Every structure is written in C-alpha cells, then in structure tokens.
Amino acid sequence: MAARVYRTTGIIIKRYKFGEADRLLTIFTSDHGKVRAIAKGAMRPGSKLGGNVELLTHSQMMLARGRNLDIVTQAQALDTFLPMRDSLELMSCGFYLAELVDSFTEENVEDTELFDLLLDTLRRLTETGDGERMVRYFELRLLGQLGYTPQLHKCANCNRDLQPEPNYFNSSQGGVLCRECGYSDMSASTISVNAQKVLRLWQRSDSDTAGRVKLNSELAREIKGILRENVRYLLEKQLKSIEWLDRLAGDSKLNGDRATTGNSNGNQA
Amino acid sequence: MNPDFLPSARPISRLIEELNKLPGIGPKSAQRLAYHLLQAPPERTRDLADAIMAVKQNLRLCSNCLNITDTDPCGICSDGTRDLTRICVVEEPIDILPLERTKKFRGLYHVLHGVISPGDGIKPEDLHIRELLERLDSGSIVEVILATNPNSEGEATSMYIQRLVSPLGIRVTRLARGLPFGGDLEYADDVTLCRALEGRQEMS
C-alpha cells in the first residue's frame, strides 16, 4: 500500500475557497501529476500555509492521502515569482498558463516534462518580463508534450515536403498543409514563411533561444492566431482567461471577438 | 444519502436538506438544528423565519457605496461625521466589518462585489468598478485606498483599478502587506516577507 504521507513539489494552478477558511487546491506536481488537495485554514492571516499555497507558487509540500482529497500538512514556497506578481500583464499570462495546464491534464497522471516546462516558463516570464513570447512558446511545447505536435515539415495531408513558401495551417489535420492541399481546404488558414520558421525553431529549441527570436507585431499576431486556434480546436472550447488577456493587450477588436462595450475605460490602461 | 430513503417525515427532511446547504453546516449539524427547531416554541421559529425573510425583502445595495443596507444611502454614507474625501475599496460587504472594528478609518467605502478572476471568466464589468469611477468624477475625492485581499486575484484587481484611477490625479494607496500580528517569521512566506521588508518603517 502506498505511503499515507508523501512529499512532492508542485505549482498551484487553481484554488477555491472551501468551507470557512480552507482552500481547495489543484496542484500540478512534478511527480504525481495533477493532484487536488485541501489546505486547511489557509485563508487565515496567521496560517502557516497561506502564501505558500497561493496561486502560481512553486512549493515543496507534504501531503496526506485522504479518502477523497489529499490534505496539505506542510508547505514551503520554493519560488513565488515575485516580479510576475507586480505586473498585471505578466500575472495575467500566469493565469492563462495555469488554466491551460488545468484544461489539458487529467488528475494523477504524472508528466514531469510538462511540469518542468511550466516551471521554466514561469521563471522566464519572471526574469525577462516577456509574457507574450513565452506564452506562445509554452503553447507550442505543451502541444508537443501532450502528443499533439503540429506537423511543420511535411504536409499534414499528402506528406510531401513543404516548400519554403506561404502555406496553410489546419488544426484538425494537425499541422501545415502544402499549397495544393490547403488551397481547397476551407477550414485552413494561411501561414507565412516566417511563422513556419519560428514555429520550427521553437519546436526544437529551449526557452532561452526561443525568447531571443524577434517577432514584429504582425508575425506575433499570426503565430498567436494559429496556436490559439489549435488549442481551441483540441479543447473544443475557448479558455476563459483569453478574453482578459486580449483586453489587456488592447487588441480585442483585432481578434474579432465580441468585446463587451461595457467598461470602455478598461482598454485605455 | 439515498434520496429515496427518508428517515424522517418529509418536512423535516426538507429542513435538514436546506440547513445543510448553509456554509459550515454539515449533515450532522443540520439534523441537530432541525430537531432543535422542531422542539422550540412556535414564536421562536416564527421569529427566525421572519428574520430570514426580512433580510431578503428589506435589504438592498446602497446606491452610493454598494454596501448591503436597509436604508439608502447606507449608515456610513449618510454619517455626517465621516471623511468624504477618502474611499476604501473592498471586495465584499463583509470586508467592511473588520475595517470598521479598527476605528482607524473614518472615510467611505466602495464594495466591488467580487474580484477580477480571468480563470473563472470574471471580468471588470462583472464588478462595480464603473460606479467607483462615477463617484470619483465628483472631484471631491483625494484618496482611494485599495483593500482587496492580498492574493493573486485581489492584487490583479488592485493593479487594474490603480491604472484607471491614477490618471485622474487621485492618490491611490494599497493596504500594507506584511506580517500578521501573533504570527511567526519562521512560517512567513517569501512574498509576505519581501513586502514586509519593502514596507518597513522607522521606529520612533
């Protein structure tokens, strides 16, 4: 029988109020996958857990197995990504990464590499202050890690080598289509030569190299569109934090989304 | 519990079920409360029922600060002795109680009724931020104190409001984040300690 108490490190990707002062946490751990656990009394000011189990904190924890939910008995933050918390933009990127991981993973399925990717991305975000590019890199690598690597070298339909020219991208086919296959595919969107180059580079490079790739705003928007559509296709839903990210970036109109007219002050920030 | 199996008469099962939905009341407490009410004198139960109904029927939101009130404007907004130039922004009506207990703050409040939470799809329009900006239009406010909870969503909400209010030339302050009284350095988390160091004050 498995030990009653176990030690792990993880990143808090979701948390709810639970009862009077408890928190129900969703922790993405390095060695037990996604785990749900109760942090008792975490909302009280003097709680030993408190800030150590806050959203997007990397913590070392002791957990006791419970009948339904595990219980956090001790927690010590290893990294709180403090500079990220001081920036509304970076924190919002963090909210999005957490929602992505939560949406794509099942409970108790170990995925150390995805954990490392999340941790590395949060660190980069904090160090470089470059949210946008890191989020895109994370999306692409997350897809790869989960077995949805977009096909970028050969046509996803006819398997012929792709020519260095503008081609097409179709999420349901799982990657880039050559001009002939893509031309007649109504659900495919065009993909520029540069976007293909960046995605190919990111697919095989570490986050440090990925962060050094220069993207002009047009290219950044194109890559964002492609990856987001791929994520939306796989999840069959739009993630909730996307609308918020777009509003912060002030580009909600460019994405043709149904921006609410409510608080127009919001976009001037 | 098996829904088809009712150990008690139907009305009492229903009462237990309703009580069970209250925060902090588990199935056992619900049973105890239900049987207690059953044995209590009829006036007592009627008083309780009246009190519960009155809460729902007579209470509304203050048109000024959006606190829960039975008079409009609420007691705080209509209190002539309070400082009308400072507004303290809180997440929920219940957050006003601890602040009032300190007797340190004599200004007005503004209740957001929530926090921005992108992961849950809660956006600024879902809160009462626009009403806050309308109050600031009067020009008489000199300071906005952000008293949202010191967690990820609370901080994001404060940063967002600060961006809207600062350009209006109004002073924006945030409640200090530091060590809790009666706490212990050993168990303090890094964020709290960093904030406590940043916000340290000279002893005099």
# chains A, B, ... in the order shown; residues from 1 in each chain; ligands from 1

call {"tool": "interface_residues", "arguments": {"of": "chain A", "to": "chain B", "cutoff": "9 Å", "atoms": "only C-alpha atoms", "output": "JSON, numbers by chain"}}
result
{"A": [14, 19, 20, 45, 46, 47, 48, 49, 50, 51, 52, 54, 55, 56, 76, 77, 78, 79, 80, 81, 82, 85, 86, 87, 88, 91, 92, 95, 96, 98, 99, 239, 240, 241, 242, 243, 244, 245, 260, 262, 263, 265, 266, 268, 269]}

call {"tool": "atom_distance", "arguments": {"atom1": "CA of Phe115 in chain A", "atom2": "CA of Gly147 in chain A"}}
result
15.2 Å

call {"tool": "select_by_dssp", "arguments": {"residues": "chain B", "states": "strand (DSSP E)", "output": "list in words"}}
result
Arg60, Leu61, Ile68, Thr69, Arg86, Ile87, Cys88, Val89, Val90, Leu108, Tyr109, His110, Val111, Glu143, Val144, Ile145, Leu146, Arg171, Val172, Thr173 and Arg174 of chain B

call {"tool": "atom_distance", "arguments": {"atom1": "CA of Gln203 in chain A", "atom2": "CA of Gly250 in chain A"}}
result
28.5 Å

call {"tool": "atom_distance", "arguments": {"atom1": "CA of Glu180 in chain A", "atom2": "CA of Val193 in chain A"}}
result
15.9 Å

call {"tool": "closest_atom_pairs", "arguments": {"of": "range 128-150 of chain B", "to": "range 83-91 of chain B", "cutoff": "6 Å", "atoms": "only C-alpha atoms", "output": "CSV"}}
result
residue,atom,partner,partner_atom,distance
B:Ser140,CA,B:Thr85,CA,5.8
B:Ile141,CA,B:Thr85,CA,4.2
B:Val142,CA,B:Thr85,CA,5.4
B:Glu143,CA,B:Arg86,CA,4.9
B:Val144,CA,B:Ile87,CA,5.0
B:Ile145,CA,B:Cys88,CA,4.5
B:Leu146,CA,B:Val89,CA,5.0
B:Ala147,CA,B:Val90,CA,5.1
B:Thr148,CA,B:Val90,CA,5.2

call {"tool": "residues_around", "arguments": {"residues": "Gln60 in chain A", "least_positions_apart": "5", "cutoff": "12 Å", "atoms": "only C-alpha atoms", "output": "PDB file with N, CA and C atoms, in the first residue's frame"}}
result
ATOM      1  N   TYR A   6       3.065  11.731   1.685  1.00  0.00           N
ATOM      2  CA  TYR A   6       4.110  11.802   0.664  1.00  0.00           C
ATOM      3  C   TYR A   6       4.576  13.231   0.464  1.00  0.00           C
ATOM      4  N   ARG A   7       5.804  13.322  -0.056  1.00  0.00           N
ATOM      5  CA  ARG A   7       6.421  14.614  -0.258  1.00  0.00           C
ATOM      6  C   ARG A   7       6.459  14.880  -1.756  1.00  0.00           C
ATOM      7  N   THR A   8       6.186  16.096  -2.136  1.00  0.00           N
ATOM      8  CA  THR A   8       6.258  16.422  -3.559  1.00  0.00           C
ATOM      9  C   THR A   8       6.509  17.908  -3.721  1.00  0.00           C
ATOM     10  N   THR A   9       6.874  18.303  -4.937  1.00  0.00           N
ATOM     11  CA  THR A   9       6.900  19.732  -5.230  1.00  0.00           C
ATOM     12  C   THR A   9       5.902  19.972  -6.350  1.00  0.00           C
ATOM     13  N   GLY A  10       5.283  21.113  -6.296  1.00  0.00           N
ATOM     14  CA  GLY A  10       4.276  21.383  -7.305  1.00  0.00           C
ATOM     15  C   GLY A  10       3.981  22.859  -7.436  1.00  0.00           C
ATOM     16  N   ILE A  11       3.217  23.169  -8.465  1.00  0.00           N
ATOM     17  CA  ILE A  11       2.795  24.543  -8.709  1.00  0.00           C
ATOM     18  C   ILE A  11       1.282  24.600  -8.559  1.00  0.00           C
ATOM     19  N   ILE A  12       0.793  25.550  -7.786  1.00  0.00           N
ATOM     20  CA  ILE A  12      -0.651  25.669  -7.581  1.00  0.00           C
ATOM     21  C   ILE A  12      -1.255  26.277  -8.846  1.00  0.00           C
ATOM     22  N   ILE A  27      -3.038  21.189  -7.624  1.00  0.00           N
ATOM     23  CA  ILE A  27      -1.584  21.320  -7.666  1.00  0.00           C
ATOM     24  C   ILE A  27      -1.058  20.489  -8.826  1.00  0.00           C
ATOM     25  N   PHE A  28      -0.253  21.107  -9.667  1.00  0.00           N
ATOM     26  CA  PHE A  28       0.401  20.337 -10.720  1.00  0.00           C
ATOM     27  C   PHE A  28       1.774  19.957 -10.188  1.00  0.00           C
ATOM     28  N   THR A  29       1.925  18.690  -9.819  1.00  0.00           N
ATOM     29  CA  THR A  29       3.149  18.275  -9.138  1.00  0.00           C
ATOM     30  C   THR A  29       4.168  17.718 -10.119  1.00  0.00           C
ATOM     31  N   SER A  30       5.418  17.659  -9.658  1.00  0.00           N
ATOM     32  CA  SER A  30       6.483  17.172 -10.531  1.00  0.00           C
ATOM     33  C   SER A  30       6.411  15.665 -10.702  1.00  0.00           C
ATOM     34  N   ASP A  31       5.907  14.960  -9.707  1.00  0.00           N
ATOM     35  CA  ASP A  31       5.985  13.501  -9.793  1.00  0.00           C
ATOM     36  C   ASP A  31       4.660  12.758  -9.553  1.00  0.00           C
ATOM     37  N   LEU A  49       0.301  27.881   6.056  1.00  0.00           N
ATOM     38  CA  LEU A  49       0.218  27.518   4.641  1.00  0.00           C
ATOM     39  C   LEU A  49       0.080  28.768   3.788  1.00  0.00           C
ATOM     40  N   ASN A  52       2.214  30.155   1.036  1.00  0.00           N
ATOM     41  CA  ASN A  52       2.961  29.046   0.441  1.00  0.00           C
ATOM     42  C   ASN A  52       2.098  28.198  -0.491  1.00  0.00           C
ATOM     43  N   VAL A  53       0.799  28.414  -0.456  1.00  0.00           N
ATOM     44  CA  VAL A  53      -0.084  27.660  -1.351  1.00  0.00           C
ATOM     45  C   VAL A  53      -0.930  28.625  -2.182  1.00  0.00           C
ATOM     46  N   VAL A  72      -2.968  18.983   2.648  1.00  0.00           N
ATOM     47  CA  VAL A  72      -1.629  19.571   2.713  1.00  0.00           C
ATOM     48  C   VAL A  72      -1.262  19.726   4.183  1.00  0.00           C
ATOM     49  N   THR A  73      -0.200  19.047   4.599  1.00  0.00           N
ATOM     50  CA  THR A  73       0.181  19.169   6.009  1.00  0.00           C
ATOM     51  C   THR A  73       1.283  20.206   6.198  1.00  0.00           C
ATOM     52  N   GLN A  74       2.168  20.335   5.209  1.00  0.00           N
ATOM     53  CA  GLN A  74       3.210  21.362   5.286  1.00  0.00           C
ATOM     54  C   GLN A  74       3.450  21.903   3.892  1.00  0.00           C
ATOM     55  N   ALA A  75       3.837  23.162   3.820  1.00  0.00           N
ATOM     56  CA  ALA A  75       4.189  23.728   2.517  1.00  0.00           C
ATOM     57  C   ALA A  75       5.240  24.797   2.709  1.00  0.00           C
ATOM     58  N   GLN A  76       6.204  24.784   1.813  1.00  0.00           N
ATOM     59  CA  GLN A  76       7.250  25.802   1.840  1.00  0.00           C
ATOM     60  C   GLN A  76       7.459  26.270   0.404  1.00  0.00           C
ATOM     61  N   ALA A  77       7.248  27.557   0.177  1.00  0.00           N
ATOM     62  CA  ALA A  77       7.399  28.067  -1.189  1.00  0.00           C
ATOM     63  C   ALA A  77       8.855  28.008  -1.619  1.00  0.00           C
ATOM     64  N   LEU A  78       9.109  27.508  -2.831  1.00  0.00           N
ATOM     65  CA  LEU A  78      10.453  27.489  -3.392  1.00  0.00           C
ATOM     66  C   LEU A  78      10.650  28.708  -4.279  1.00  0.00           C
ATOM     67  N   ASP A  79       9.594  29.076  -4.991  1.00  0.00           N
ATOM     68  CA  ASP A  79       9.656  30.261  -5.847  1.00  0.00           C
ATOM     69  C   ASP A  79       8.258  30.857  -5.922  1.00  0.00           C
ATOM     70  N   THR A  80       8.185  32.150  -5.657  1.00  0.00           N
ATOM     71  CA  THR A  80       6.866  32.807  -5.700  1.00  0.00           C
ATOM     72  C   THR A  80       6.732  33.682  -6.937  1.00  0.00           C
TER      73      THR A  80
END

call {"tool": "select_by_dssp", "arguments": {"residues": "chain B", "states": "helix (DSSP H, G or I)", "output": "ChimeraX atom specification"}}
result
/B:10-20,27-39,42-58,93-101,118-120,124-126,129-136,152-168,185-187,190-198

call {"tool": "closest_residue", "arguments": {"among": "B:Asn149, B:Asn20, B:Ser138, B:Asn67", "to": "His113 in chain B", "atoms": "only C-alpha atoms"}}
result
B:Asn67

call {"tool": "residues_around", "arguments": {"residues": "Tyr233 in chain A", "least_positions_apart": "6", "cutoff": "10 Å", "atoms": "only C-alpha atoms", "output": "number ranges by chain"}}
result
A: 170-172, 227

call {"tool": "residues_around", "arguments": {"residues": "Asn58 in chain B", "least_positions_apart": "3", "cutoff": "7 Å", "atoms": "only C-alpha atoms", "output": "list in words"}}
result
Ala54, Val55 and Asp70 of chain B

call {"tool": "residues_around", "arguments": {"residues": "Met84 in chain A", "least_positions_apart": "5", "cutoff": "10 Å", "atoms": "only C-alpha atoms", "output": "JSON, numbers by chain"}}
result
{"A": [56, 89, 90, 91, 92, 93, 94, 122, 123, 124, 125, 126, 127, 128, 129, 131]}

call {"tool": "closest_residue", "arguments": {"among": "A:Ser59, A:Val35, A:Arg4, A:Arg136", "to": "Leu119 in chain A", "atoms": "only C-alpha atoms"}}
result
A:Ser59

call {"tool": "residues_around", "arguments": {"residues": "range 205-210 of chain A", "least_positions_apart": "3", "cutoff": "10 Å", "atoms": "only C-alpha atoms", "output": "ChimeraX atom specification"}}
result
/A:117,120-121,124,128,133-134,136-138,141,198-202,213-214
